[in-house]
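Chemist: Data file model_0.cif (mmCIF, C-alpha atoms and all ligand atoms) is appended below.
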```cif
data_upload
#
loop_
_atom_site.label_atom_id
_atom_site.label_comp_id
_atom_site.auth_asym_id
_atom_site.auth_seq_id
_atom_site.Cartn_x
_atom_site.Cartn_y
_atom_site.Cartn_z
CA MET A 205 -15.20 -8.48 -14.70
CA ASN A 206 -12.70 -11.03 -13.47
CA GLN A 207 -9.55 -9.36 -14.58
CA THR A 208 -7.41 -6.58 -13.20
CA ILE A 209 -8.29 -3.06 -14.27
CA TYR A 210 -5.04 -1.18 -13.98
CA LEU A 211 -5.61 2.53 -13.38
CA ASP A 212 -2.34 3.46 -11.70
CA ASN A 213 -0.22 4.45 -14.69
CA ALA A 214 1.24 7.43 -12.85
CA ALA A 215 2.80 4.96 -10.39
CA THR A 216 4.21 2.79 -13.15
CA THR A 217 3.30 1.36 -16.54
CA ARG A 218 3.43 -2.00 -18.27
CA THR A 219 6.71 -2.57 -20.08
CA LYS A 220 5.78 -2.85 -23.75
CA PRO A 221 6.58 -6.19 -25.41
CA GLN A 222 8.58 -4.33 -28.11
CA VAL A 223 10.68 -2.81 -25.33
CA VAL A 224 11.33 -6.20 -23.71
CA GLU A 225 12.19 -7.61 -27.12
CA ALA A 226 14.73 -4.85 -27.72
CA MET A 227 16.29 -5.45 -24.30
CA LEU A 228 16.60 -9.25 -24.37
CA PRO A 229 19.74 -9.59 -26.55
CA TYR A 230 21.58 -7.32 -24.10
CA PHE A 231 21.12 -9.89 -21.35
CA THR A 232 21.91 -13.02 -23.27
CA GLU A 233 23.95 -12.20 -26.36
CA HIS A 234 25.58 -8.79 -26.03
CA TYR A 235 26.46 -9.04 -22.38
CA GLY A 236 29.93 -7.50 -22.58
CA ASN A 237 30.94 -4.63 -20.36
CA PRO A 238 30.66 -1.45 -22.45
CA SER A 239 33.95 -0.20 -20.96
CA SER A 240 35.93 -3.18 -22.29
CA VAL A 241 38.15 -2.63 -25.30
CA TYR A 242 37.46 -5.85 -27.25
CA GLU A 243 35.16 -6.09 -30.21
CA PHE A 244 32.66 -8.22 -28.28
CA SER A 245 31.58 -5.14 -26.31
CA ALA A 246 31.12 -2.92 -29.35
CA PRO A 247 27.35 -3.66 -29.77
CA CYS A 248 26.80 -2.60 -26.15
CA LYS A 249 28.59 0.71 -26.68
CA GLN A 250 26.66 1.27 -29.90
CA ALA A 251 23.34 0.48 -28.25
CA ILE A 252 23.99 2.98 -25.47
CA ALA A 253 24.96 5.62 -28.01
CA GLY A 254 21.81 4.87 -30.03
CA ALA A 255 19.51 5.25 -27.02
CA ARG A 256 21.25 8.45 -25.99
CA GLU A 257 20.72 9.84 -29.45
CA ILE A 258 17.01 8.96 -29.54
CA ILE A 259 16.45 10.59 -26.17
CA ALA A 260 18.50 13.69 -26.99
CA LYS A 261 16.56 14.16 -30.23
CA SER A 262 13.24 13.85 -28.40
CA LEU A 263 14.12 16.93 -26.32
CA GLY A 264 16.03 19.00 -28.85
CA ALA A 265 19.21 18.28 -26.86
CA LYS A 266 22.66 16.99 -27.78
CA PRO A 267 23.54 13.36 -27.01
CA ASN A 268 26.37 14.37 -24.67
CA GLU A 269 23.86 16.31 -22.55
CA ILE A 270 22.00 13.10 -21.58
CA TYR A 271 23.28 11.20 -18.53
CA PHE A 272 21.71 7.85 -17.67
CA THR A 273 20.74 7.32 -14.03
CA ALA A 274 18.78 4.78 -12.02
CA GLY A 275 15.53 6.76 -12.36
CA GLY A 276 13.69 9.95 -11.53
CA THR A 277 14.65 10.10 -7.86
CA GLU A 278 18.35 9.85 -8.61
CA SER A 279 18.09 12.46 -11.36
CA ASP A 280 16.33 14.88 -9.00
CA ASN A 281 18.97 14.28 -6.32
CA TRP A 282 21.77 14.80 -8.80
CA ALA A 283 20.37 17.98 -10.33
CA ILE A 284 19.77 19.66 -7.00
CA LYS A 285 22.67 18.45 -4.86
CA ALA A 286 25.32 18.84 -7.54
CA THR A 287 24.10 22.34 -8.46
CA ALA A 288 24.11 23.32 -4.80
CA GLU A 289 27.68 22.10 -4.43
CA ALA A 290 28.96 23.58 -7.68
CA TYR A 291 27.37 27.02 -7.24
CA GLU A 292 27.51 27.56 -3.48
CA SER A 293 30.17 30.22 -3.85
CA LYS A 294 27.56 32.24 -5.80
CA GLY A 295 24.77 31.67 -3.30
CA LYS A 296 22.91 29.20 -1.13
CA HIS A 297 19.30 29.90 -2.00
CA ILE A 298 17.03 27.53 -3.93
CA ILE A 299 13.42 28.04 -5.06
CA THR A 300 11.00 25.18 -5.54
CA SER A 301 7.26 24.58 -5.20
CA LYS A 302 5.16 23.09 -2.42
CA ILE A 303 3.89 20.27 -4.64
CA GLU A 304 7.12 18.68 -5.83
CA HIS A 305 7.75 14.95 -5.68
CA HIS A 306 9.60 13.83 -2.56
CA GLY A 307 12.69 13.28 -4.75
CA VAL A 308 12.90 17.08 -4.89
CA ILE A 309 11.34 18.09 -1.55
CA HIS A 310 13.41 15.73 0.58
CA THR A 311 16.58 16.67 -1.30
CA CYS A 312 15.87 20.34 -0.58
CA GLU A 313 15.23 19.53 3.08
CA TYR A 314 18.56 17.68 3.20
CA LEU A 315 20.30 20.78 1.82
CA GLU A 316 18.52 23.03 4.33
CA LYS A 317 20.18 21.02 7.11
CA ARG A 318 23.50 21.80 5.43
CA GLY A 319 23.12 25.56 5.40
CA PHE A 320 21.13 26.17 2.20
CA GLU A 321 17.91 28.17 2.25
CA VAL A 322 14.92 26.95 0.28
CA THR A 323 11.75 28.85 -0.60
CA TYR A 324 8.76 26.57 -1.23
CA VAL A 325 6.45 28.65 -3.44
CA ASP A 326 2.67 28.27 -3.07
CA VAL A 327 0.34 26.96 -5.73
CA ASP A 328 -3.24 28.04 -6.40
CA GLU A 329 -6.34 25.90 -5.82
CA ASN A 330 -5.68 24.04 -9.09
CA GLY A 331 -2.04 23.34 -8.30
CA ILE A 332 -0.53 25.99 -10.60
CA ILE A 333 2.53 27.67 -9.14
CA LYS A 334 2.05 31.34 -8.23
CA LEU A 335 4.41 33.08 -10.62
CA ASP A 336 4.26 36.42 -8.80
CA GLU A 337 5.41 34.67 -5.60
CA LEU A 338 8.13 32.86 -7.50
CA LYS A 339 9.41 36.19 -8.88
CA LYS A 340 9.29 37.78 -5.43
CA ALA A 341 11.27 34.88 -3.98
CA ILE A 342 14.25 35.55 -6.27
CA ARG A 343 17.29 36.94 -4.43
CA PRO A 344 20.84 37.81 -5.51
CA ASP A 345 22.00 34.52 -3.95
CA THR A 346 19.40 32.32 -5.70
CA ILE A 347 21.24 29.63 -7.64
CA LEU A 348 18.47 27.27 -8.72
CA ILE A 349 14.76 27.11 -9.48
CA SER A 350 13.35 23.58 -9.51
CA VAL A 351 9.70 23.21 -10.55
CA MET A 352 8.08 20.03 -11.83
CA PHE A 353 6.70 19.89 -15.38
CA ALA A 354 3.49 18.14 -14.33
CA ASN A 355 2.33 16.95 -10.95
CA ASN A 356 2.21 13.22 -10.29
CA GLU A 357 -0.85 13.33 -8.04
CA ILE A 358 -3.25 15.86 -9.51
CA GLY A 359 -1.84 15.96 -13.04
CA THR A 360 -1.61 19.76 -13.21
CA ILE A 361 0.82 21.02 -15.86
CA GLU A 362 2.97 23.93 -14.68
CA PRO A 363 3.79 27.08 -16.71
CA ILE A 364 7.27 25.80 -17.54
CA LYS A 365 7.92 28.21 -20.41
CA GLU A 366 7.23 31.21 -18.18
CA ILE A 367 9.36 29.81 -15.35
CA GLY A 368 12.22 29.10 -17.76
CA ALA A 369 12.03 32.67 -19.05
CA ILE A 370 12.07 34.09 -15.51
CA ALA A 371 15.05 31.94 -14.54
CA ARG A 372 16.97 32.90 -17.68
CA GLU A 373 16.22 36.61 -17.22
CA HIS A 374 17.72 36.46 -13.71
CA GLY A 375 20.67 34.22 -14.61
CA ILE A 376 19.40 31.40 -12.40
CA LEU A 377 19.60 27.72 -13.36
CA PHE A 378 16.30 25.96 -14.02
CA HIS A 379 15.68 22.28 -13.28
CA THR A 380 12.40 20.53 -14.02
CA ASP A 381 11.26 17.13 -12.82
CA ALA A 382 9.59 15.92 -16.00
CA VAL A 383 9.06 12.34 -14.82
CA GLN A 384 5.30 12.51 -15.47
CA ALA A 385 5.52 14.74 -18.53
CA TYR A 386 8.28 13.26 -20.68
CA GLY A 387 6.77 11.12 -23.44
CA HIS A 388 3.31 12.61 -22.79
CA ILE A 389 3.86 16.27 -23.65
CA PRO A 390 6.22 17.63 -26.33
CA ILE A 391 9.24 19.18 -24.59
CA HIS A 392 12.03 21.21 -26.14
CA VAL A 393 14.78 22.19 -23.73
CA ASP A 394 15.79 25.35 -25.63
CA GLU A 395 12.26 26.63 -26.16
CA TYR A 396 11.55 26.22 -22.45
CA ASN A 397 14.99 27.42 -21.26
CA ILE A 398 15.42 24.22 -19.27
CA ASP A 399 18.94 23.68 -17.90
CA MET A 400 18.34 20.29 -16.27
CA LEU A 401 15.53 17.78 -16.70
CA SER A 402 14.77 14.55 -14.84
CA SER A 403 12.96 11.60 -16.35
CA SER A 404 12.25 7.92 -15.70
CA ALA A 405 11.62 5.05 -18.12
CA HIS A 406 9.03 3.12 -16.17
CA LYS A 407 6.47 5.93 -16.53
CA ILE A 408 6.47 5.51 -20.32
CA ASN A 409 6.26 1.74 -20.73
CA GLY A 410 9.99 1.28 -20.25
CA PRO A 411 11.79 -0.77 -17.60
CA LYS A 412 12.10 0.23 -13.95
CA GLY A 413 15.36 1.47 -12.46
CA ILE A 414 16.56 3.52 -15.42
CA GLY A 415 16.21 7.24 -16.03
CA PHE A 416 18.21 10.17 -17.28
CA LEU A 417 19.21 13.65 -16.33
CA TYR A 418 19.57 16.21 -19.09
CA ILE A 419 22.32 18.71 -18.22
CA ARG A 420 22.82 21.67 -20.55
CA THR A 421 26.33 22.05 -21.95
CA GLY A 422 28.39 24.58 -20.05
CA LEU A 423 26.81 24.04 -16.65
CA LYS A 424 29.17 23.54 -13.79
CA THR A 425 28.09 20.25 -12.36
CA ARG A 426 29.74 17.69 -10.15
CA SER A 427 30.06 13.94 -10.44
CA PHE A 428 27.13 12.42 -8.68
CA VAL A 429 28.35 8.84 -8.33
CA HIS A 430 32.10 8.71 -7.90
CA GLY A 431 33.80 5.76 -9.53
CA GLY A 432 34.70 4.81 -13.08
CA ALA A 433 34.71 6.96 -16.19
CA GLN A 434 31.18 6.06 -17.28
CA GLU A 435 28.74 8.83 -18.26
CA ARG A 436 31.61 11.20 -18.99
CA LYS A 437 33.05 10.61 -15.51
CA ARG A 438 29.99 12.09 -13.87
CA ARG A 439 28.12 8.95 -12.91
CA GLY A 440 30.40 6.02 -12.29
CA GLY A 441 29.29 2.39 -12.41
CA THR A 442 28.82 -0.16 -15.17
CA GLU A 443 25.95 0.97 -17.37
CA ASN A 444 22.57 -0.74 -17.16
CA VAL A 445 22.79 -1.69 -20.83
CA PRO A 446 19.45 -3.56 -21.17
CA GLY A 447 17.75 -0.76 -19.22
CA ILE A 448 19.24 1.95 -21.41
CA VAL A 449 18.28 0.07 -24.57
CA GLY A 450 14.76 -0.39 -23.19
CA TYR A 451 14.51 3.30 -22.36
CA GLY A 452 15.61 4.25 -25.86
CA ARG A 453 12.99 1.99 -27.41
CA ALA A 454 10.26 3.15 -25.01
CA ALA A 455 11.10 6.80 -25.74
CA GLU A 456 10.98 6.13 -29.47
CA ILE A 457 7.55 4.51 -29.21
CA ALA A 458 6.28 7.23 -26.86
CA MET A 459 7.34 10.01 -29.23
CA ASP A 460 5.85 8.29 -32.29
CA SER A 461 2.53 7.53 -30.58
CA MET A 462 2.15 10.67 -28.48
CA GLU A 463 -0.70 12.32 -30.37
CA GLU A 464 -2.80 9.21 -30.82
CA ARG A 465 -2.22 8.05 -27.23
CA ASP A 466 -3.05 11.47 -25.86
CA LYS A 467 -6.38 11.45 -27.72
CA LYS A 468 -7.33 7.95 -26.51
CA GLU A 469 -6.36 8.62 -22.91
CA ARG A 470 -8.05 12.02 -22.83
CA GLU A 471 -11.32 10.52 -24.09
CA LEU A 472 -11.29 7.79 -21.44
CA ARG A 473 -10.20 10.18 -18.71
CA ASP A 474 -12.86 12.77 -19.59
CA TYR A 475 -15.54 10.11 -19.69
CA LEU A 476 -14.50 8.90 -16.24
CA ILE A 477 -14.44 12.44 -14.83
CA GLU A 478 -17.80 13.34 -16.35
CA ARG A 479 -19.51 10.24 -15.01
CA VAL A 480 -17.99 10.34 -11.52
CA THR A 481 -18.64 14.05 -10.97
CA ALA A 482 -22.20 13.76 -12.34
CA GLU A 483 -23.22 10.54 -10.62
CA VAL A 484 -21.50 10.62 -7.23
CA PRO A 485 -22.65 13.35 -4.81
CA TYR A 486 -20.14 15.43 -2.80
CA VAL A 487 -17.14 14.82 -4.99
CA ARG A 488 -14.66 17.28 -6.48
CA LEU A 489 -12.01 16.96 -9.14
CA ASN A 490 -8.55 17.86 -7.86
CA GLY A 491 -6.15 19.64 -10.20
CA HIS A 492 -6.69 21.92 -13.16
CA ARG A 493 -9.58 20.93 -15.41
CA THR A 494 -7.75 21.48 -18.70
CA LYS A 495 -4.07 22.12 -17.92
CA ARG A 496 -3.62 18.54 -16.79
CA LEU A 497 -1.97 15.34 -17.98
CA SER A 498 -4.27 13.54 -20.37
CA ASN A 499 -4.31 10.35 -18.30
CA ASN A 500 -4.95 11.81 -14.85
CA ALA A 501 -8.16 11.93 -12.83
CA ASN A 502 -7.96 12.76 -9.12
CA PHE A 503 -11.13 12.96 -7.02
CA ALA A 504 -11.82 13.93 -3.43
CA PHE A 505 -14.90 12.24 -2.01
CA GLN A 506 -16.30 13.88 1.09
CA PHE A 507 -17.06 11.82 4.21
CA ILE A 508 -14.94 8.79 3.30
CA GLU A 509 -11.38 7.55 3.68
CA GLY A 510 -9.52 7.16 0.40
CA GLU A 511 -7.66 4.15 1.83
CA SER A 512 -10.92 2.27 2.48
CA LEU A 513 -12.13 3.10 -1.01
CA LEU A 514 -8.85 1.82 -2.47
CA ILE A 515 -9.00 -1.45 -0.57
CA MET A 516 -12.58 -2.07 -1.66
CA LEU A 517 -11.75 -1.20 -5.26
CA ASP A 518 -8.84 -3.63 -5.01
CA GLY A 519 -11.38 -6.26 -3.96
CA SER A 520 -12.97 -5.74 -7.38
CA GLY A 521 -9.64 -5.96 -9.20
CA ILE A 522 -9.27 -2.20 -9.68
CA CYS A 523 -5.82 -0.66 -9.06
CA GLY A 524 -5.79 3.01 -8.12
CA SER A 525 -3.95 5.19 -5.67
CA SER A 526 -4.86 7.52 -2.85
CA GLY A 527 -1.72 9.61 -3.09
CA SER A 528 1.55 9.15 -4.90
CA ALA A 529 2.91 5.59 -4.89
CA CYS A 530 5.82 6.73 -2.83
CA THR A 531 3.66 8.09 -0.01
CA SER A 532 1.03 5.39 0.16
CA GLY A 533 1.59 3.46 3.35
CA SER A 534 1.76 6.74 5.23
CA LEU A 535 -1.40 8.01 6.92
CA ASP A 536 -0.59 11.69 6.46
CA PRO A 537 -2.70 13.40 3.83
CA SER A 538 -0.83 14.21 0.67
CA HIS A 539 1.25 17.42 0.79
CA VAL A 540 -0.02 18.20 -2.70
CA LEU A 541 -3.69 18.09 -1.71
CA LEU A 542 -2.99 20.21 1.38
CA ALA A 543 -1.07 22.71 -0.79
CA ILE A 544 -4.08 23.20 -3.08
CA GLY A 545 -6.07 24.08 0.02
CA LEU A 546 -8.06 20.92 0.74
CA PRO A 547 -8.91 20.52 4.41
CA HIS A 548 -7.38 17.38 6.00
CA GLU A 549 -10.64 15.45 6.13
CA ILE A 550 -11.32 15.98 2.41
CA ALA A 551 -7.71 15.35 1.40
CA HIS A 552 -8.05 11.97 3.15
CA GLY A 553 -10.87 11.03 0.79
CA SER A 554 -8.85 11.27 -2.38
CA LEU A 555 -8.53 8.77 -5.21
CA ARG A 556 -6.13 9.02 -8.15
CA LEU A 557 -6.98 7.03 -11.27
CA THR A 558 -4.51 7.24 -14.15
CA VAL A 559 -5.52 5.57 -17.41
CA SER A 560 -3.47 4.17 -20.27
CA GLU A 561 -4.23 3.63 -23.94
CA GLU A 562 -4.87 -0.02 -23.06
CA ASN A 563 -7.94 0.77 -20.95
CA THR A 564 -11.44 0.63 -22.43
CA ARG A 565 -14.72 2.48 -22.01
CA GLU A 566 -16.28 -0.73 -20.71
CA GLU A 567 -13.70 -0.75 -17.93
CA MET A 568 -14.53 2.87 -17.11
CA ASP A 569 -18.22 1.94 -16.83
CA PHE A 570 -17.39 -0.91 -14.48
CA VAL A 571 -15.16 1.33 -12.36
CA VAL A 572 -17.78 4.09 -12.10
CA GLU A 573 -20.43 1.60 -10.96
CA ARG A 574 -18.09 0.15 -8.35
CA ILE A 575 -17.13 3.64 -7.11
CA LYS A 576 -20.81 4.57 -6.76
CA GLU A 577 -21.59 1.42 -4.75
CA ILE A 578 -18.51 1.63 -2.52
CA VAL A 579 -18.79 5.34 -1.80
CA LYS A 580 -22.44 4.83 -0.81
CA ARG A 581 -21.54 1.87 1.41
CA LEU A 582 -18.72 3.77 3.12
CA ARG A 583 -20.89 6.84 3.65
CA ASP A 584 -23.66 4.70 5.14
CA MET A 585 -21.12 3.63 7.79
CA SER A 586 -19.73 7.14 8.36
CA PRO A 587 -20.77 9.08 11.50
CA LEU A 588 -19.60 12.27 9.75
CA TYR A 589 -21.98 11.67 6.90
CA GLU A 590 -24.81 10.79 9.29
CA ASP A 591 -24.33 14.12 11.11
CA PHE A 592 -24.19 15.96 7.80
CA VAL A 593 -27.47 14.43 6.63
CA LYS A 594 -29.14 15.15 10.01
CA ASN A 595 -27.99 18.79 9.91
CA GLN A 596 -29.30 19.16 6.40
CA LYS A 597 -32.74 17.94 7.42
CA GLN A 598 -32.97 20.46 10.27
N1 LIG B 601 9.25 12.59 -9.87
C1 LIG B 601 7.95 12.41 -10.13
C2 LIG B 601 7.12 13.56 -10.54
C3 LIG B 601 7.39 11.12 -10.04
O1 LIG B 601 6.11 10.94 -10.32
C4 LIG B 601 8.22 10.04 -9.67
C5 LIG B 601 7.66 8.68 -9.49
O2 LIG B 601 6.52 8.53 -9.08
C6 LIG B 601 9.58 10.29 -9.42
C7 LIG B 601 10.06 11.57 -9.53
C8 LIG B 601 10.52 9.19 -9.05
O3 LIG B 601 10.86 8.43 -10.15
P1 LIG B 601 11.53 6.98 -9.96
O4 LIG B 601 10.45 6.08 -9.52
O5 LIG B 601 12.06 6.63 -11.30
O6 LIG B 601 12.62 7.15 -8.96
#
```
Transcribe the structure of this file into C-alpha cells.

Modeler:
Amino acid sequence: MNQTIYLDNAATTRTKPQVVEAMLPYFTEHYGNPSSVYEFSAPCKQAIAGAREIIAKSLGAKPNEIYFTAGGTESDNWAIKATAEAYESKGKHIITSKIEHHGVIHTCEYLEKRGFEVTYVDVDENGIIKLDELKKAIRPDTILISVMFANNEIGTIEPIKEIGAIAREHGILFHTDAVQAYGHIPIHVDEYNIDMLSSSAHKINGPKGIGFLYIRTGLKTRSFVHGGAQERKRRGGTENVPGIVGYGRAAEIAMDSMEERDKKERELRDYLIERVTAEVPYVRLNGHRTKRLSNNANFAFQFIEGESLLIMLDGSGICGSSGSACTSGSLDPSHVLLAIGLPHEIAHGSLRLTVSEENTREEMDFVVERIKEIVKRLRDMSPLYEDFVKNQKQ
C-alpha cells in the first residue's frame, strides 16, 4: 500500500468537504465583522446564530447556553477557572479524575497553586472512575466535579449519568470534557444533569481552533476572555465566523450520521482488536472492552517501546499514536495508562489506533500484518524479551 493509512482520529480528523464548502463564503463573500451594524454583516450574524442553534439542539440545550471558544482546551480552562473564581466564597474544593486530559489536569494544578484543593479520584483497571471514591471525596466546600465523558487515550466511556446525579444530589456543579464523545455518543444535558460541557470541532470532521462550552442557564460564571461584547460579554474577541459555520455543519453531519458511522467504525475497530489480540503474543487491550468509544483501540505490547513501533509504522505510511497527541514528544509514560495500573515498562509499549468511517477492512489487514512484523523485529532486538524467553525455557 503506497498511501497513508490514517488511524489517529482521536488526535484530529479530516475536515469534510461539505464543511469546507459551508465555510468558504465566510472568508471571501460574507467577511463582515458580525459586530458591525450595517446590512453587509447580517449574513455573518445569521450564520453564527444558525450554528449555535444546531449545536444547542444536538445537546437538548438552549442556543444562549452555547459559547464558542477556540477549542476543547480553552473550554476546559474556562469551565474550571471561571467556576473556581465565581464560587470560591462557597468553597475551594474540586473533584476530578486521574485520567483527564491535560486541559483539565493542568488547569486543576494551576488552581492548586492558588489555594484550591483538588481530589483526583482513581479509576479501575478499565479506566472507569470509582464512584464510591468520588462520593467519599465530596465535602461541604466542594464546588465542582469535572469528569470526562470518554477518555481520549483508552476510549473508556465514564458513567456520566451517575456522576451527574451524584453532583445534583449534593448541589455541586458538574462539568464534563466531552471532546471525544460529542458527535459520537448521544448526549442530553438535562438527562445527564450536566452543567458545563466542553467540545471541539476538529474531532468531528470540523475545522481546528473552534470549540464551544455549554453553560447551563443560571450558573454564576465569569467572563473568560475580557474584551468586547461578543458571546454575551463572556468571551470577547471577533468571532471566528468560518470556524463557527464549519462547526455547525460538522455537528449537523455528525448527528445525522451517528448511528451508521458508529456501526462502521465499531466493525473495523473490533476486527482490528480481534486480529491483533489473537495473532500477536503478549499484548493486552487497554480500556474497557465494551464501554468504549466505537473508534478506539489501544494496545500495550510487552517488551517493546511504543515510540519505536510508531516510527516503524510511520515508515509504512500508518499514522497512530503512543499516547495522546498532546503528550507525544514527552518520554514519560501516559498518566492514563499508569492510572489503570500498567507498570511503566508495559505502559511504554502502548499504541493507540483510532479509526474513522473512511478506513477499510483491507487497511486493517495491512496494519495487522505490519504490526506483527514490526513487533517481532523489535522483540528480536530486545534484551528484556531475550531474558524472558531464556527464563521460560528454564
Ligand atoms: N479534551 C480531550 C478529551 C481531548 O481529547 C482533547 C484533544 O485531544 C482536548 C480536550 C483538547 O481539545 P483541543 O485540541 O480542541 O484544544

Chemist: With a distance cut-off of 7 Å and all atoms listed in the file, select the neighbouring residues of Asn281 in chain A, excluding the residue or stretch itself and same-chain residues fewer than 5 positions from it, and output the selection as a count of residues only.

Modeler: 3

Chemist: Kindly assemble as a tab-separated table a list of the range 426-531 of chain A residues that lie within 12 Å of range 285-300 of chain A, each paired with its nearest atom pair and their distance in Å to one decimal, using only C-alpha atoms, sorted first by chain and then by ascending residue number.

Modeler:
```
residue	atom	partner	partner_atom	distance
A:Arg426	CA	A:Ala286	CA	5.3
A:Ser427	CA	A:Ala286	CA	7.4
A:Phe428	CA	A:Ala286	CA	6.8
A:Val429	CA	A:Ala286	CA	10.5
A:Arg438	CA	A:Ala286	CA	10.4
A:Arg439	CA	A:Ala286	CA	11.6
```

Chemist: Step by step, measure atom-to-atom distances between ligand LIG 601 (chain B) and each residue using all atoms listed in the file, keep those at most 6 Å, then write them as an MDAnalysis selection string.

Modeler: chainID A and resid 215 275:277 305 307 355:356 381 383:384 404

Chemist: Taking (-2.9, 18.7, -5.3) as a centre in this file's frame and 6 Å as the limit, can you find every polymer residue with an atom that close, using all atoms listed in the file, and give them as a PyMOL selection string?

Modeler: chain A and resi 331+358+491+540-541+544

Chemist: Please list as number ranges by chain every residue within 9 Å of Asn213 in chain A, counting all atoms listed in the file and excluding residues in the same chain fewer than 6 positions away.

Modeler: A: 407-408, 499-500, 524, 557-560

Chemist: Which polymer residues have any atom within 10 Å of an atom of Phe378 in chain A, counting all atoms listed in the file, with same-chain residues fewer than 3 positions away left out, as a ChimeraX atom specification?

Modeler: /A:283,299,347-351,364,367-372,375,396-401

Chemist: Might you pull out every residue within 12 Å of Gly510 in chain A, with only C-alpha atoms counted and same-chain residues fewer than 6 positions away left off, and present them as a ChimeraX atom specification?

Modeler: /A:502-504,516-517,524-527,532,535-538,548-557,575,578-579,582-583

Chemist: Mind pulling up the distance from CA of Pro547 in chain A to CA of Asp212 in chain A?

Modeler: 24.4 Å

Chemist: Any idea what the distance is between CA of Arg488 in chain A and CA of Thr216 in chain A?

Modeler: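 About the pair CA of Arg488 in chain A and CA of Thr216 in chain A: they are 24.7 Å apart.
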
Chemist: Find the spatial neighbours of range 432-437 of chain A, counting all atoms listed in the file, within a cut-off of 9 Å - ignore same-chain residues fewer than 6 positions away - and output them as a ChimeraX atom specification.

Modeler: /A:239,268,270-272,443

Chemist: Work out how far apart CA of Arg496 in chain A and CA of Thr346 in chain A are and give it in Å to one decimal.

Modeler: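 Atom-to-atom, CA of Arg496 in chain A to CA of Thr346 in chain A, that is 29.0 Å.
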
Chemist: Hey, can you pull every residue with an atom no more than 7 Å from (6.8, 1.0, -25.9), using only C-alpha atoms, and send it as a ChimeraX atom specification?

Modeler: /A:219-220,222-223,409-410,453-454,457-458

Chemist: Please produce a file of those selected residues containing C-alpha atoms, as a short mmCIF file (atom, residue, chain, number, x, y, z; two decimals), in the frame of the given file.

Modeler:
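The result, stored in part-v1.cif:
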```
data_model
loop_
_atom_site.label_atom_id
_atom_site.label_comp_id
_atom_site.auth_asym_id
_atom_site.auth_seq_id
_atom_site.Cartn_x
_atom_site.Cartn_y
_atom_site.Cartn_z
CA THR A 219 6.71 -2.57 -20.08
CA LYS A 220 5.78 -2.85 -23.75
CA GLN A 222 8.58 -4.33 -28.11
CA VAL A 223 10.68 -2.81 -25.33
CA ASN A 409 6.26 1.74 -20.73
CA GLY A 410 9.99 1.28 -20.25
CA ARG A 453 12.99 1.99 -27.41
CA ALA A 454 10.26 3.15 -25.01
CA ILE A 457 7.55 4.51 -29.21
CA ALA A 458 6.28 7.23 -26.86
#
```
